[in-house]
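J.: Structure file upload.txt (compact mmCIF, C-alpha atoms) right here:
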# COMPACT_ATOMS: atom_id res chain seq x y z
CA MET J 1 -133.04 -49.67 -146.52
CA SER J 2 -134.27 -46.48 -144.87
CA THR J 3 -134.24 -48.15 -141.45
CA VAL J 4 -130.63 -49.26 -141.89
CA LEU J 5 -129.67 -45.76 -143.03
CA LEU J 6 -131.43 -44.23 -140.02
CA VAL J 7 -129.58 -46.58 -137.65
CA ALA J 8 -126.27 -45.74 -139.35
CA ALA J 9 -127.04 -42.01 -139.16
CA THR J 10 -127.78 -42.34 -135.46
CA LEU J 11 -124.51 -44.22 -134.86
CA PHE J 12 -122.49 -41.62 -136.75
CA LEU J 13 -124.16 -38.70 -134.97
CA VAL J 14 -123.79 -40.32 -131.53
CA THR J 15 -120.10 -40.93 -132.22
CA ALA J 16 -119.61 -37.30 -133.27
CA PHE J 17 -121.52 -36.00 -130.25
CA ARG J 18 -119.60 -38.26 -127.86
CA GLU J 19 -116.28 -37.05 -129.27
CA LEU J 20 -117.46 -33.44 -129.07
CA VAL J 21 -118.67 -33.68 -125.47
CA ASP J 22 -115.88 -35.84 -124.04
CA GLY J 23 -113.25 -33.30 -124.97
CA ASP J 24 -109.69 -33.90 -126.02
CA ASP J 25 -107.28 -35.23 -123.40
CA PRO J 26 -103.73 -34.53 -124.61
CA ASP J 27 -102.35 -37.05 -122.12
CA ALA J 28 -104.66 -39.84 -123.24
CA PRO J 29 -103.01 -42.73 -125.03
CA PRO J 30 -103.74 -43.15 -128.74
CA PRO J 31 -106.67 -45.38 -129.65
CA LYS J 32 -105.93 -49.10 -129.41
CA TRP J 33 -106.21 -49.63 -133.15
CA MET J 34 -103.53 -47.02 -133.82
CA THR J 35 -101.17 -48.54 -131.25
CA MET J 36 -101.72 -51.99 -132.75
CA LEU J 37 -100.76 -50.72 -136.23
CA THR J 38 -97.17 -50.17 -135.17
CA SER J 39 -96.48 -53.84 -134.40
CA ILE J 40 -98.79 -55.87 -136.61
CA THR J 41 -97.57 -58.36 -139.21
CA PRO J 42 -98.83 -58.08 -142.81
CA ALA J 43 -100.67 -61.43 -142.61
CA LYS J 44 -102.43 -60.44 -139.39
CA ALA J 45 -103.31 -57.04 -140.86
CA PHE J 46 -104.85 -58.75 -143.89
CA LEU J 47 -106.96 -61.07 -141.70
CA ILE J 48 -108.06 -58.22 -139.46
CA GLY J 49 -109.03 -56.21 -142.55
CA ILE J 50 -111.17 -59.07 -143.84
CA GLY J 51 -112.82 -59.45 -140.44
CA ILE J 52 -113.54 -55.75 -140.11
CA ILE J 53 -115.13 -55.55 -143.55
CA ALA J 54 -117.22 -58.64 -142.85
CA VAL J 55 -118.73 -57.42 -139.55
CA ALA J 56 -118.52 -53.60 -139.54
CA MET J 57 -121.98 -52.21 -140.11
CA LYS J 58 -120.65 -48.79 -141.12
CA PHE J 59 -118.88 -50.23 -144.16
CA TRP J 60 -121.93 -52.22 -145.23
CA VAL J 61 -124.26 -49.25 -144.77
CA PHE J 62 -121.85 -46.98 -146.63
CA THR J 63 -121.63 -49.46 -149.52
CA LEU J 64 -125.39 -50.07 -149.57
CA GLY J 65 -125.94 -46.32 -149.46
CA ALA J 66 -123.65 -45.89 -152.48
CA ILE J 67 -125.52 -48.64 -154.32
CA GLY J 68 -128.80 -46.90 -153.47
CA VAL J 69 -127.55 -43.53 -154.72
CA ILE J 70 -126.25 -45.11 -157.93
CA GLY J 71 -129.55 -46.93 -158.42
CA ASP J 72 -131.55 -43.73 -157.84
CA ALA J 73 -129.54 -41.91 -160.52
CA GLY J 74 -131.60 -43.67 -163.21
CA LEU J 75 -128.62 -44.84 -165.26
CA GLY J 76 -128.63 -47.95 -167.40
CA ARG J 77 -127.36 -51.28 -166.10
CA ALA J 78 -123.88 -50.92 -167.67
CA ALA J 79 -123.53 -47.36 -166.33
CA ASN J 80 -124.63 -48.53 -162.85
CA VAL J 81 -122.00 -51.29 -162.84
CA THR J 82 -119.31 -48.93 -164.15
CA THR J 83 -120.20 -46.27 -161.57
CA TYR J 84 -120.10 -48.84 -158.76
CA LEU J 85 -116.71 -50.13 -159.91
CA LEU J 86 -115.42 -46.54 -159.98
CA PHE J 87 -116.78 -46.07 -156.45
CA VAL J 88 -114.94 -49.20 -155.29
CA LEU J 89 -111.73 -48.04 -156.98
CA LEU J 90 -112.04 -44.62 -155.34
CA VAL J 91 -112.62 -46.17 -151.92
CA VAL J 92 -109.67 -48.57 -152.12
CA SER J 93 -107.29 -46.14 -153.85
CA PRO J 94 -105.68 -44.85 -150.61
CA HIS J 95 -104.96 -48.44 -149.61
CA LEU J 96 -103.57 -49.27 -153.03
CA ILE J 97 -101.33 -46.19 -152.92
CA ILE J 98 -99.99 -47.20 -149.49
CA VAL J 99 -99.33 -50.78 -150.60
CA GLY J 100 -97.73 -49.57 -153.82
CA ALA J 101 -95.46 -47.17 -151.92
CA ALA J 102 -94.43 -49.97 -149.57
CA VAL J 103 -93.56 -52.22 -152.52
CA ILE J 104 -91.71 -49.56 -154.53
CA ALA J 105 -89.82 -47.86 -151.67
CA PRO J 106 -90.07 -49.80 -148.39
CA GLN J 107 -87.79 -47.51 -146.35
CA GLY J 108 -89.24 -44.26 -147.64
CA SER J 109 -92.79 -45.46 -147.16
CA LYS J 110 -92.10 -46.38 -143.52
CA SER J 111 -91.25 -42.79 -142.62
CA LEU J 112 -94.22 -41.50 -144.60
CA LEU J 113 -96.57 -43.94 -142.89
CA ASP J 114 -95.15 -42.96 -139.49
CA LYS J 115 -95.91 -39.29 -140.29
CA VAL J 116 -99.43 -40.15 -141.46
CA LEU J 117 -100.05 -42.24 -138.33
CA ARG J 118 -98.80 -39.39 -136.12
CA TRP J 119 -101.09 -36.94 -137.95
CA LEU J 120 -104.06 -39.29 -137.51
CA GLN J 121 -103.29 -39.61 -133.81
CA ASP J 122 -103.00 -35.84 -133.39
CA HIS J 123 -106.26 -35.14 -135.25
CA ASN J 124 -108.31 -38.21 -134.33
CA ARG J 125 -110.95 -36.27 -132.39
CA VAL J 126 -111.59 -33.71 -135.13
CA ILE J 127 -111.68 -36.43 -137.79
CA MET J 128 -114.22 -38.46 -135.81
CA ILE J 129 -116.42 -35.40 -135.22
CA MET J 130 -116.36 -34.28 -138.85
CA LEU J 131 -116.93 -37.73 -140.34
CA GLY J 132 -119.67 -38.44 -137.81
CA LEU J 133 -121.48 -35.21 -138.63
CA ILE J 134 -121.06 -35.42 -142.40
CA PHE J 135 -122.11 -39.05 -142.79
CA GLY J 136 -124.67 -38.87 -139.98
CA VAL J 137 -126.49 -35.95 -141.57
CA TRP J 138 -126.20 -37.43 -145.08
CA PHE J 139 -127.50 -40.87 -144.06
CA GLY J 140 -130.17 -39.19 -141.93
CA ILE J 141 -131.43 -37.16 -144.88
CA LYS J 142 -131.43 -40.27 -147.09
CA ALA J 143 -133.35 -42.23 -144.44
CA LEU J 144 -135.92 -39.51 -143.81
CA THR J 145 -136.39 -39.05 -147.55
CA GLY J 146 -136.90 -42.81 -147.89
CA PHE J 147 -139.56 -42.70 -145.17
CA GLY J 148 -141.29 -39.82 -146.97
CA ILE J 149 -140.66 -37.35 -144.14
CA LEU J 150 -138.47 -35.02 -146.23
Starting from the file, give its structure as structure tokens.
T.:
Amino acid sequence: MSTVLLVAATLFLVTAFRELVDGDDPDAPPPKWMTMLTSITPAKAFLIGIGIIAVAMKFWVFTLGAIGVIGDAGLGRAANVTTYLLFVLLVVSPHLIIVGAAVIAPQGSKSLLDKVLRWLQDHNRVIMIMLGLIFGVWFGIKALTGFGIL
């Protein structure tokens, strides 16, 4: 587990460093995934989401890290399961809110989602740097602690 966490930490930190060094080009087009979001069908989005979850190492490492933290807390089996289910609910809650808004108010949610997408595009670099640093350092500390270095 510590090796996987160390690899994940390295990936997060390299991503943050690359974003920090490359600089922000205001004339650069938005990332491909953001451009694709504007024209994707719901069925294709669902299939892409399944594929991403199945193969993206960051999601697996993040989930395994959460399981490790929950296991290290020394709770009973029922409390571990409950805590993990709360973690899953917390992680999927933004998605559930977006889907719920689209079902309840399709027209209103479209403008809101367009604003959110524009904000993500405008702040993509800062988001990538901050997430890379936060999760890179956290996974790095967990990995080094697991190896007995810290």
J.: For Phe147 (chain J), work out the shell of residues within 12 Å, counting only C-alpha atoms and skipping chain neighbours fewer than 6 positions away, then give it as number ranges by chain.
T.: J: 1-6, 140-141
J.: Could you check the closest approach to Ala143 (chain J) for each of J:Ala54, J:Ile48, J:Ile40, J:Gly68 and tell me which residue wins, using all atoms listed in the file?
T.: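 Ranking J:Ala54, J:Ile48, J:Ile40, J:Gly68 by distance to Ala143 (chain J), first place goes to J:Gly68.
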J.: Between CA of Ile129 (chain J) and CA of Gly49 (chain J), what distance in Å does the model show, to one decimal?
T.: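 About the pair CA of Ile129 (chain J) and CA of Gly49 (chain J): they are 23.3 Å apart.
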J.: Just checking: using all atoms listed in the file, which residue out of J:Ala73, J:Ala16, J:Ala66, J:Met36 ends up closest to Phe139 (chain J)?
T.: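 Looking only at the distances to Phe139 (chain J), the closest residue turns out to be J:Ala66.
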J.: What does the structure give for the distance between CA of Thr15 (chain J) and CA of Gly132 (chain J), in Å to one decimal?
T.: 6.1 Å
J.: Looking at all atoms listed in the file, which of J:Ile98, J:Leu133, J:Val88, J:Ala8 is the one that sits closest to Asp114 (chain J)?
T.: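 Of J:Ile98, J:Leu133, J:Val88, J:Ala8, the one nearest Asp114 (chain J) is J:Ile98, counting all atoms listed in the file.
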J.: Rounded to one decimal, what separation in Å do you get between CA of Phe59 (chain J) and CA of Leu90 (chain J)?
T.: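 If I compute the distance from CA of Phe59 (chain J) to CA of Leu90 (chain J), I get 14.3 Å.
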J.: Find the residue from J:Arg125, J:Lys142, J:His95, J:Arg77 that sits nearest to Leu113 (chain J); use all atoms listed in the file when measuring.
T.: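 Comparing J:Arg125, J:Lys142, J:His95, J:Arg77 against Leu113 (chain J), the winner is J:His95.
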J.: Please determine an axis-aligned box that encloses all atoms of region 57-71 of chain J listed in the file, with 4 Å added on each side, and express its centre and edge lengths in Å to one decimal as AutoDock Vina command-line options.
T.:
--center_x -124.2 --center_y -47.9 --center_z -149.3 --size_x 18.7 --size_y 16.7 --size_z 26.3
J.: Could you pull the residues within 10 Å of Thr83 (chain J), counting only C-alpha atoms, minus those fewer than 6 positions along the same chain, as a ChimeraX atom specification?
T.: /J:66-67,70-71,75,77,89
J.: Can you take the partial region 67-101 of chain J, add N, CA and C atoms, and return it as a compact mmCIF listing (two decimals), in the coordinates of the input?
T.:
# COMPACT_ATOMS: atom_id res chain seq x y z
N ILE J 67 -124.74 -47.88 -153.34
CA ILE J 67 -125.52 -48.64 -154.32
C ILE J 67 -126.90 -47.99 -154.50
N GLY J 68 -127.50 -47.56 -153.39
CA GLY J 68 -128.80 -46.90 -153.47
C GLY J 68 -128.75 -45.60 -154.25
N VAL J 69 -127.71 -44.80 -154.00
CA VAL J 69 -127.55 -43.53 -154.72
C VAL J 69 -127.33 -43.79 -156.21
N ILE J 70 -126.50 -44.77 -156.52
CA ILE J 70 -126.25 -45.11 -157.93
C ILE J 70 -127.54 -45.60 -158.59
N GLY J 71 -128.29 -46.43 -157.87
CA GLY J 71 -129.55 -46.93 -158.42
C GLY J 71 -130.57 -45.83 -158.63
N ASP J 72 -130.59 -44.84 -157.72
CA ASP J 72 -131.55 -43.73 -157.84
C ASP J 72 -131.20 -42.77 -158.96
N ALA J 73 -129.97 -42.85 -159.48
CA ALA J 73 -129.54 -41.91 -160.52
C ALA J 73 -130.24 -42.19 -161.85
N GLY J 74 -130.86 -43.37 -161.99
CA GLY J 74 -131.60 -43.67 -163.21
C GLY J 74 -130.72 -43.97 -164.41
N LEU J 75 -129.51 -44.47 -164.16
CA LEU J 75 -128.62 -44.84 -165.26
C LEU J 75 -128.97 -46.23 -165.75
N GLY J 76 -128.44 -46.59 -166.89
CA GLY J 76 -128.63 -47.95 -167.40
C GLY J 76 -127.81 -48.94 -166.59
N ARG J 77 -128.04 -50.22 -166.85
CA ARG J 77 -127.36 -51.28 -166.10
C ARG J 77 -125.84 -51.18 -166.24
N ALA J 78 -125.33 -51.01 -167.44
CA ALA J 78 -123.88 -50.92 -167.67
C ALA J 78 -123.30 -49.69 -166.96
N ALA J 79 -124.00 -48.57 -167.00
CA ALA J 79 -123.53 -47.36 -166.33
C ALA J 79 -123.55 -47.54 -164.81
N ASN J 80 -124.57 -48.25 -164.28
CA ASN J 80 -124.63 -48.53 -162.85
C ASN J 80 -123.42 -49.37 -162.42
N VAL J 81 -123.13 -50.41 -163.17
CA VAL J 81 -122.00 -51.29 -162.84
C VAL J 81 -120.69 -50.51 -162.93
N THR J 82 -120.53 -49.72 -163.98
CA THR J 82 -119.31 -48.93 -164.15
C THR J 82 -119.16 -47.92 -163.01
N THR J 83 -120.24 -47.25 -162.65
CA THR J 83 -120.20 -46.27 -161.57
C THR J 83 -119.85 -46.94 -160.25
N TYR J 84 -120.43 -48.12 -160.00
CA TYR J 84 -120.10 -48.84 -158.76
C TYR J 84 -118.63 -49.26 -158.74
N LEU J 85 -118.12 -49.74 -159.85
CA LEU J 85 -116.71 -50.13 -159.91
C LEU J 85 -115.80 -48.92 -159.70
N LEU J 86 -116.18 -47.76 -160.23
CA LEU J 86 -115.42 -46.54 -159.98
C LEU J 86 -115.48 -46.15 -158.50
N PHE J 87 -116.64 -46.32 -157.88
CA PHE J 87 -116.78 -46.07 -156.45
C PHE J 87 -115.84 -46.98 -155.65
N VAL J 88 -115.82 -48.26 -155.99
CA VAL J 88 -114.94 -49.20 -155.29
C VAL J 88 -113.48 -48.80 -155.49
N LEU J 89 -113.10 -48.45 -156.71
CA LEU J 89 -111.73 -48.04 -156.98
C LEU J 89 -111.37 -46.78 -156.19
N LEU J 90 -112.28 -45.84 -156.11
CA LEU J 90 -112.04 -44.62 -155.34
C LEU J 90 -111.86 -44.94 -153.85
N VAL J 91 -112.69 -45.83 -153.34
CA VAL J 91 -112.62 -46.17 -151.92
C VAL J 91 -111.32 -46.90 -151.57
N VAL J 92 -110.87 -47.80 -152.43
CA VAL J 92 -109.67 -48.57 -152.12
C VAL J 92 -108.39 -47.88 -152.59
N SER J 93 -108.49 -46.79 -153.32
CA SER J 93 -107.29 -46.14 -153.85
C SER J 93 -106.29 -45.71 -152.78
N PRO J 94 -106.70 -45.17 -151.63
CA PRO J 94 -105.68 -44.85 -150.61
C PRO J 94 -104.91 -46.10 -150.16
N HIS J 95 -105.62 -47.20 -150.03
CA HIS J 95 -104.96 -48.44 -149.61
C HIS J 95 -104.00 -48.93 -150.68
N LEU J 96 -104.43 -48.85 -151.93
CA LEU J 96 -103.57 -49.27 -153.03
C LEU J 96 -102.32 -48.39 -153.13
N ILE J 97 -102.48 -47.11 -152.88
CA ILE J 97 -101.33 -46.19 -152.92
C ILE J 97 -100.35 -46.55 -151.80
N ILE J 98 -100.86 -46.84 -150.62
CA ILE J 98 -99.99 -47.20 -149.49
C ILE J 98 -99.25 -48.49 -149.78
N VAL J 99 -99.97 -49.50 -150.27
CA VAL J 99 -99.33 -50.78 -150.60
C VAL J 99 -98.31 -50.59 -151.72
N GLY J 100 -98.66 -49.83 -152.73
CA GLY J 100 -97.73 -49.57 -153.82
C GLY J 100 -96.48 -48.86 -153.35
N ALA J 101 -96.63 -47.87 -152.47
CA ALA J 101 -95.46 -47.17 -151.92
C ALA J 101 -94.58 -48.11 -151.12
